[in-house]
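Trainee: What follows is my_file_4.cif, made up of mmCIF, C-alpha atoms:
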```
data_work
loop_
_atom_site.label_atom_id
_atom_site.label_comp_id
_atom_site.auth_asym_id
_atom_site.auth_seq_id
_atom_site.Cartn_x
_atom_site.Cartn_y
_atom_site.Cartn_z
CA SER G 1 149.58 -98.18 -81.19
CA SER G 2 150.33 -98.87 -84.84
CA ASP G 3 148.18 -100.62 -87.41
CA LEU G 4 150.91 -103.13 -88.13
CA ALA G 5 150.16 -106.78 -87.48
CA TYR G 6 153.69 -107.21 -86.18
CA ILE G 7 156.07 -105.40 -83.85
CA ASN G 8 159.53 -104.11 -84.68
CA LEU G 9 161.73 -105.73 -82.06
CA THR G 10 164.81 -104.15 -80.54
CA LYS G 11 167.26 -105.46 -77.99
CA GLU G 12 165.25 -103.54 -75.38
CA THR G 13 161.97 -105.31 -76.22
CA PHE G 14 163.14 -108.69 -77.57
CA ASN G 15 163.40 -110.77 -74.38
CA GLU G 16 160.35 -109.17 -72.82
CA THR G 17 158.29 -109.99 -75.92
CA LEU G 18 159.46 -113.63 -75.84
CA ASP G 19 158.72 -113.89 -72.12
CA ASN G 20 155.25 -112.36 -72.32
CA ASN G 21 153.80 -114.17 -75.33
CA GLU G 22 153.18 -117.86 -75.85
CA ILE G 23 154.16 -118.03 -79.53
CA VAL G 24 156.42 -115.47 -81.21
CA ILE G 25 157.45 -115.64 -84.87
CA ILE G 26 160.33 -113.37 -85.84
CA ASP G 27 161.61 -112.26 -89.23
CA PHE G 28 165.25 -111.12 -89.25
CA TRP G 29 165.66 -108.88 -92.29
CA ALA G 30 167.54 -105.92 -93.77
CA GLU G 31 166.71 -103.08 -96.10
CA TRP G 32 169.26 -104.16 -98.76
CA CYS G 33 168.11 -107.78 -98.94
CA SER G 34 165.81 -108.47 -101.88
CA PRO G 35 164.51 -111.88 -100.66
CA CYS G 36 163.55 -110.07 -97.42
CA LYS G 37 161.50 -107.61 -99.46
CA GLN G 38 159.76 -110.51 -101.22
CA PHE G 39 159.06 -112.20 -97.91
CA ALA G 40 157.75 -109.07 -96.13
CA PRO G 41 154.19 -109.08 -97.59
CA ILE G 42 153.87 -112.84 -96.92
CA PHE G 43 154.97 -112.34 -93.31
CA GLU G 44 152.55 -109.42 -92.88
CA LYS G 45 149.62 -111.31 -94.36
CA VAL G 46 150.25 -114.35 -92.17
CA ALA G 47 150.56 -112.04 -89.14
CA GLU G 48 147.21 -110.43 -89.97
CA ASN G 49 145.62 -113.87 -90.34
CA ASN G 50 146.94 -115.10 -86.98
CA PRO G 51 146.12 -112.39 -84.42
CA ASP G 52 146.53 -114.92 -81.59
CA ILE G 53 150.26 -115.16 -82.35
CA THR G 54 152.86 -112.44 -81.80
CA PHE G 55 154.84 -111.55 -84.92
CA GLY G 56 158.01 -109.50 -84.75
CA LYS G 57 160.59 -108.20 -87.17
CA VAL G 58 164.23 -107.48 -86.43
CA ASN G 59 166.11 -105.09 -88.70
CA THR G 60 169.56 -106.69 -88.57
CA GLU G 61 171.27 -103.46 -89.64
CA GLU G 62 169.80 -101.53 -86.72
CA GLN G 63 169.91 -104.44 -84.28
CA GLN G 64 173.31 -105.98 -84.96
CA ALA G 65 173.72 -107.17 -81.38
CA LEU G 66 170.48 -109.17 -81.57
CA ALA G 67 171.48 -110.69 -84.90
CA ARG G 68 174.88 -111.70 -83.48
CA GLN G 69 173.34 -113.06 -80.30
CA HIS G 70 171.14 -115.41 -82.33
CA ASN G 71 173.82 -116.36 -84.87
CA ILE G 72 171.91 -114.91 -87.80
CA ASN G 73 174.17 -115.64 -90.76
CA SER G 74 171.78 -115.24 -93.66
CA ILE G 75 168.62 -113.25 -94.09
CA PRO G 76 165.77 -113.53 -94.13
CA THR G 77 165.94 -115.81 -91.11
CA LEU G 78 162.76 -117.05 -89.49
CA MET G 79 162.78 -117.71 -85.77
CA VAL G 80 159.91 -119.36 -83.91
CA VAL G 81 159.69 -119.27 -80.14
CA ARG G 82 157.09 -120.89 -77.91
CA ASP G 83 157.10 -120.58 -74.11
CA GLY G 84 160.46 -118.84 -74.42
CA ILE G 85 162.02 -121.86 -76.18
CA ILE G 86 163.52 -121.34 -79.64
CA LEU G 87 162.00 -124.09 -81.79
CA LEU G 88 163.21 -122.87 -85.17
CA ASN G 89 166.03 -120.61 -86.32
CA GLN G 90 166.29 -121.09 -90.04
CA GLY G 91 167.48 -119.02 -92.96
CA GLY G 92 165.35 -118.60 -96.06
CA MET G 93 161.83 -117.47 -96.79
CA LEU G 94 158.69 -119.58 -96.61
CA PRO G 95 155.64 -119.30 -98.87
CA GLU G 96 152.33 -118.45 -97.25
CA ALA G 97 151.21 -122.10 -97.22
CA GLY G 98 154.50 -123.12 -95.61
CA MET G 99 154.05 -120.50 -92.91
CA GLY G 100 150.53 -121.83 -92.30
CA ASP G 101 151.82 -125.39 -91.95
CA LEU G 102 154.57 -124.21 -89.59
CA ILE G 103 152.05 -122.41 -87.37
CA GLU G 104 149.77 -125.46 -87.20
CA HIS G 105 152.78 -127.56 -86.24
CA ILE G 106 153.92 -125.14 -83.52
CA LYS G 107 150.41 -124.87 -82.07
CA GLY G 108 150.12 -128.65 -81.94
CA LEU G 109 153.36 -129.29 -80.09
CA ASP G 110 153.36 -130.85 -76.64
CA MET G 111 155.52 -128.30 -74.85
CA ASP G 112 155.69 -130.34 -71.64
CA LYS G 113 157.26 -133.15 -73.63
CA ILE G 114 159.71 -130.75 -75.28
CA ARG G 115 160.70 -129.23 -71.93
CA LYS G 116 161.23 -132.73 -70.55
CA GLU G 117 163.40 -133.69 -73.53
CA MET G 118 165.43 -130.50 -73.15
CA ALA G 119 165.98 -131.18 -69.46
CA GLU G 120 167.14 -134.70 -70.30
CA ASP G 121 169.54 -133.36 -72.94
CA GLU G 122 171.08 -131.03 -70.38
CA GLU G 123 171.77 -133.96 -68.07
CA ASP G 124 173.96 -135.75 -70.64
#
```
Kindly transcribe the structure held in the file into structure tokens.

Mentor:
Amino acid sequence: SSDLAYINLTKETFNETLDNNEIVIIDFWAEWCSPCKQFAPIFEKVAENNPDITFGKVNTEEQQALARQHNINSIPTLMVVRDGIILLNQGGMLPEAGMGDLIEHIKGLDMDKIRKEMAEDEED
């Protein structure tokens, strides 16, 4: 096992990780992207501070199929998944405080209500 506070996700491990963890926060990034490099230490610090949450990174150069599958158009893109439901898929980096607020928000959500709303949307 590595000392990293996050896991590097591949198409082989992506779905399994989402299925097996309650909250997963994913950073889609690439080596050539300078905002991604600025965001990396923030993401790592937040990951270290929230060991109860699963953090993953997707290298969009190496994992082009995953990036396409999730319509990643700009990087960094932050994706947040809870109970296998994608709650956020948004380009741009967040400051540490913003990440903290986001995590509080995600933890506080009533997932039963969200599932119910999603089921109702599908009926339309």

Trainee: Nearest to Ile75 in chain G: which of G:Glu44, G:Glu120, G:Trp29, G:Asn59 is it, counting only C-alpha atoms?

Mentor: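 When distances to Ile75 in chain G are compared using only C-alpha atoms, the smallest one comes from G:Trp29.
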
Trainee: Mind dumping a table of every range 63-100 of chain G residue within 6 Å of range 18-28 of chain G, with the nearest atom pair and its distance in Å to one decimal, using only C-alpha atoms, sorted by chain and rising number, as a Markdown table?

Mentor:
```
| residue | atom | partner | partner_atom | distance |
| --- | --- | --- | --- | --- |
| G:Pro76 | CA | G:Phe28 | CA | 5.5 |
| G:Thr77 | CA | G:Phe28 | CA | 5.1 |
| G:Leu78 | CA | G:Asp27 | CA | 4.9 |
| G:Met79 | CA | G:Ile26 | CA | 5.0 |
| G:Val80 | CA | G:Ile25 | CA | 4.6 |
| G:Val81 | CA | G:Val24 | CA | 5.1 |
| G:Arg82 | CA | G:Ile23 | CA | 4.4 |
| G:Asp83 | CA | G:Glu22 | CA | 5.1 |
| G:Gly84 | CA | G:Leu18 | CA | 5.5 |
```

Trainee: If I take CA of Glu61 in chain G and CA of Ala30 in chain G, how far is one from the other in Å, to one decimal?

Mentor: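 Computing the Euclidean distance for CA of Glu61 in chain G and CA of Ala30 in chain G yields 6.1 Å.
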
Trainee: Residues picked by the PyMOL selection byres ((chain G and resi 4) around 12) here, as a PyMOL selection string?

Mentor: chain G and resi 1-3+5-8+41+43-48+51+54-57

Trainee: If we count all atoms listed in the file and set the cut-off at 12 Å, which residues sit around Met118 in chain G, ignoring sequence neighbours fewer than 5 positions away in its own chain? Please answer as a compact mmCIF listing (two decimals) with C-alpha atoms, in the coordinates of the input.

Mentor:
```txt
# COMPACT_ATOMS: atom_id res chain seq x y z
CA ILE G 85 162.02 -121.86 -76.18
CA ILE G 86 163.52 -121.34 -79.64
CA LEU G 87 162.00 -124.09 -81.79
CA MET G 111 155.52 -128.30 -74.85
CA ASP G 112 155.69 -130.34 -71.64
CA LYS G 113 157.26 -133.15 -73.63
CA GLU G 123 171.77 -133.96 -68.07
CA ASP G 124 173.96 -135.75 -70.64
```

Trainee: G:Gln90, G:Asp110, G:Leu9, G:Arg115: which is nearest Glu62 in chain G, counting all atoms listed in the file?

Mentor: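 Of G:Gln90, G:Asp110, G:Leu9, G:Arg115, the one nearest Glu62 in chain G, counting all atoms listed in the file, is G:Leu9.
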
Trainee: Reconstruct all heavy atoms of range 39-50 of chain G; output as a PDB file, keeping the file's coordinate frame.

Mentor:
```
ATOM      1  N   PHE G  39     159.686-111.472 -99.012  1.00  0.00           N
ATOM      2  CA  PHE G  39     159.060-112.200 -97.910  1.00  0.00           C
ATOM      3  C   PHE G  39     158.161-111.304 -97.061  1.00  0.00           C
ATOM      4  O   PHE G  39     157.176-111.767 -96.484  1.00  0.00           O
ATOM      5  CB  PHE G  39     160.155-112.837 -97.035  1.00  0.00           C
ATOM      6  CG  PHE G  39     159.625-113.666 -95.894  1.00  0.00           C
ATOM      7  CD1 PHE G  39     158.706-114.680 -96.121  1.00  0.00           C
ATOM      8  CD2 PHE G  39     160.034-113.433 -94.594  1.00  0.00           C
ATOM      9  CE1 PHE G  39     158.210-115.453 -95.075  1.00  0.00           C
ATOM     10  CE2 PHE G  39     159.544-114.189 -93.541  1.00  0.00           C
ATOM     11  CZ  PHE G  39     158.626-115.204 -93.795  1.00  0.00           C
ATOM     12  N   ALA G  40     158.468-109.996 -97.017  1.00  0.00           N
ATOM     13  CA  ALA G  40     157.750-109.070 -96.130  1.00  0.00           C
ATOM     14  C   ALA G  40     156.228-109.129 -96.264  1.00  0.00           C
ATOM     15  O   ALA G  40     155.525-109.266 -95.258  1.00  0.00           O
ATOM     16  CB  ALA G  40     158.267-107.650 -96.333  1.00  0.00           C
ATOM     17  N   PRO G  41     155.661-109.054 -97.493  1.00  0.00           N
ATOM     18  CA  PRO G  41     154.190-109.080 -97.590  1.00  0.00           C
ATOM     19  C   PRO G  41     153.590-110.420 -97.167  1.00  0.00           C
ATOM     20  O   PRO G  41     152.476-110.455 -96.638  1.00  0.00           O
ATOM     21  CB  PRO G  41     153.920-108.803 -99.079  1.00  0.00           C
ATOM     22  CG  PRO G  41     155.213-108.981 -99.787  1.00  0.00           C
ATOM     23  CD  PRO G  41     156.312-108.778 -98.785  1.00  0.00           C
ATOM     24  N   ILE G  42     154.338-111.513 -97.370  1.00  0.00           N
ATOM     25  CA  ILE G  42     153.870-112.840 -96.920  1.00  0.00           C
ATOM     26  C   ILE G  42     153.802-112.838 -95.394  1.00  0.00           C
ATOM     27  O   ILE G  42     152.794-113.231 -94.792  1.00  0.00           O
ATOM     28  CB  ILE G  42     154.823-113.956 -97.413  1.00  0.00           C
ATOM     29  CG1 ILE G  42     154.831-114.011 -98.937  1.00  0.00           C
ATOM     30  CG2 ILE G  42     154.430-115.304 -96.807  1.00  0.00           C
ATOM     31  CD1 ILE G  42     155.901-114.926 -99.531  1.00  0.00           C
ATOM     32  N   PHE G  43     154.886-112.377 -94.772  1.00  0.00           N
ATOM     33  CA  PHE G  43     154.970-112.340 -93.310  1.00  0.00           C
ATOM     34  C   PHE G  43     153.829-111.486 -92.743  1.00  0.00           C
ATOM     35  O   PHE G  43     153.148-111.884 -91.790  1.00  0.00           O
ATOM     36  CB  PHE G  43     156.331-111.770 -92.908  1.00  0.00           C
ATOM     37  CG  PHE G  43     156.619-111.839 -91.430  1.00  0.00           C
ATOM     38  CD1 PHE G  43     157.095-113.000 -90.851  1.00  0.00           C
ATOM     39  CD2 PHE G  43     156.446-110.718 -90.620  1.00  0.00           C
ATOM     40  CE1 PHE G  43     157.382-113.061 -89.489  1.00  0.00           C
ATOM     41  CE2 PHE G  43     156.726-110.772 -89.264  1.00  0.00           C
ATOM     42  CZ  PHE G  43     157.197-111.941 -88.691  1.00  0.00           C
ATOM     43  N   GLU G  44     153.603-110.322 -93.368  1.00  0.00           N
ATOM     44  CA  GLU G  44     152.550-109.420 -92.880  1.00  0.00           C
ATOM     45  C   GLU G  44     151.169-110.035 -93.016  1.00  0.00           C
ATOM     46  O   GLU G  44     150.333-109.920 -92.119  1.00  0.00           O
ATOM     47  CB  GLU G  44     152.614-108.087 -93.638  1.00  0.00           C
ATOM     48  CG  GLU G  44     153.759-107.217 -93.152  1.00  0.00           C
ATOM     49  CD  GLU G  44     154.067-106.040 -94.089  1.00  0.00           C
ATOM     50  OE1 GLU G  44     153.110-105.488 -94.675  1.00  0.00           O
ATOM     51  OE2 GLU G  44     155.254-105.700 -94.238  1.00  0.00           O
ATOM     52  N   LYS G  45     150.936-110.705 -94.138  1.00  0.00           N
ATOM     53  CA  LYS G  45     149.620-111.310 -94.360  1.00  0.00           C
ATOM     54  C   LYS G  45     149.365-112.434 -93.351  1.00  0.00           C
ATOM     55  O   LYS G  45     148.273-112.548 -92.788  1.00  0.00           O
ATOM     56  CB  LYS G  45     149.543-111.856 -95.793  1.00  0.00           C
ATOM     57  CG  LYS G  45     148.166-112.342 -96.166  1.00  0.00           C
ATOM     58  CD  LYS G  45     148.055-112.670 -97.641  1.00  0.00           C
ATOM     59  CE  LYS G  45     146.661-113.200 -97.939  1.00  0.00           C
ATOM     60  NZ  LYS G  45     146.617-113.908 -99.226  1.00  0.00           N
ATOM     61  N   VAL G  46     150.378-113.255 -93.132  1.00  0.00           N
ATOM     62  CA  VAL G  46     150.250-114.350 -92.170  1.00  0.00           C
ATOM     63  C   VAL G  46     150.036-113.779 -90.757  1.00  0.00           C
ATOM     64  O   VAL G  46     149.233-114.299 -89.974  1.00  0.00           O
ATOM     65  CB  VAL G  46     151.477-115.282 -92.231  1.00  0.00           C
ATOM     66  CG1 VAL G  46     151.446-116.312 -91.114  1.00  0.00           C
ATOM     67  CG2 VAL G  46     151.531-115.983 -93.588  1.00  0.00           C
ATOM     68  N   ALA G  47     150.736-112.693 -90.446  1.00  0.00           N
ATOM     69  CA  ALA G  47     150.560-112.040 -89.140  1.00  0.00           C
ATOM     70  C   ALA G  47     149.126-111.551 -88.977  1.00  0.00           C
ATOM     71  O   ALA G  47     148.505-111.746 -87.922  1.00  0.00           O
ATOM     72  CB  ALA G  47     151.548-110.879 -89.010  1.00  0.00           C
ATOM     73  N   GLU G  48     148.590-110.932 -90.026  1.00  0.00           N
ATOM     74  CA  GLU G  48     147.210-110.430 -89.970  1.00  0.00           C
ATOM     75  C   GLU G  48     146.219-111.575 -89.782  1.00  0.00           C
ATOM     76  O   GLU G  48     145.207-111.432 -89.104  1.00  0.00           O
ATOM     77  CB  GLU G  48     146.870-109.665 -91.251  1.00  0.00           C
ATOM     78  CG  GLU G  48     147.433-108.255 -91.247  1.00  0.00           C
ATOM     79  CD  GLU G  48     147.408-107.608 -92.628  1.00  0.00           C
ATOM     80  OE1 GLU G  48     146.734-108.142 -93.538  1.00  0.00           O
ATOM     81  OE2 GLU G  48     148.081-106.571 -92.789  1.00  0.00           O
ATOM     82  N   ASN G  49     146.529-112.724 -90.398  1.00  0.00           N
ATOM     83  CA  ASN G  49     145.620-113.870 -90.340  1.00  0.00           C
ATOM     84  C   ASN G  49     145.727-114.661 -89.045  1.00  0.00           C
ATOM     85  O   ASN G  49     144.927-115.553 -88.799  1.00  0.00           O
ATOM     86  CB  ASN G  49     145.876-114.807 -91.527  1.00  0.00           C
ATOM     87  CG  ASN G  49     145.477-114.170 -92.841  1.00  0.00           C
ATOM     88  OD1 ASN G  49     144.684-113.231 -92.871  1.00  0.00           O
ATOM     89  ND2 ASN G  49     146.025-114.669 -93.936  1.00  0.00           N
ATOM     90  N   ASN G  50     146.731-114.353 -88.231  1.00  0.00           N
ATOM     91  CA  ASN G  50     146.940-115.100 -86.980  1.00  0.00           C
ATOM     92  C   ASN G  50     147.101-114.125 -85.804  1.00  0.00           C
ATOM     93  O   ASN G  50     148.164-114.046 -85.188  1.00  0.00           O
ATOM     94  CB  ASN G  50     148.177-115.995 -87.095  1.00  0.00           C
ATOM     95  CG  ASN G  50     147.967-117.124 -88.082  1.00  0.00           C
ATOM     96  OD1 ASN G  50     147.414-118.159 -87.744  1.00  0.00           O
ATOM     97  ND2 ASN G  50     148.409-116.918 -89.318  1.00  0.00           N
TER      98      ASN G  50
END
```
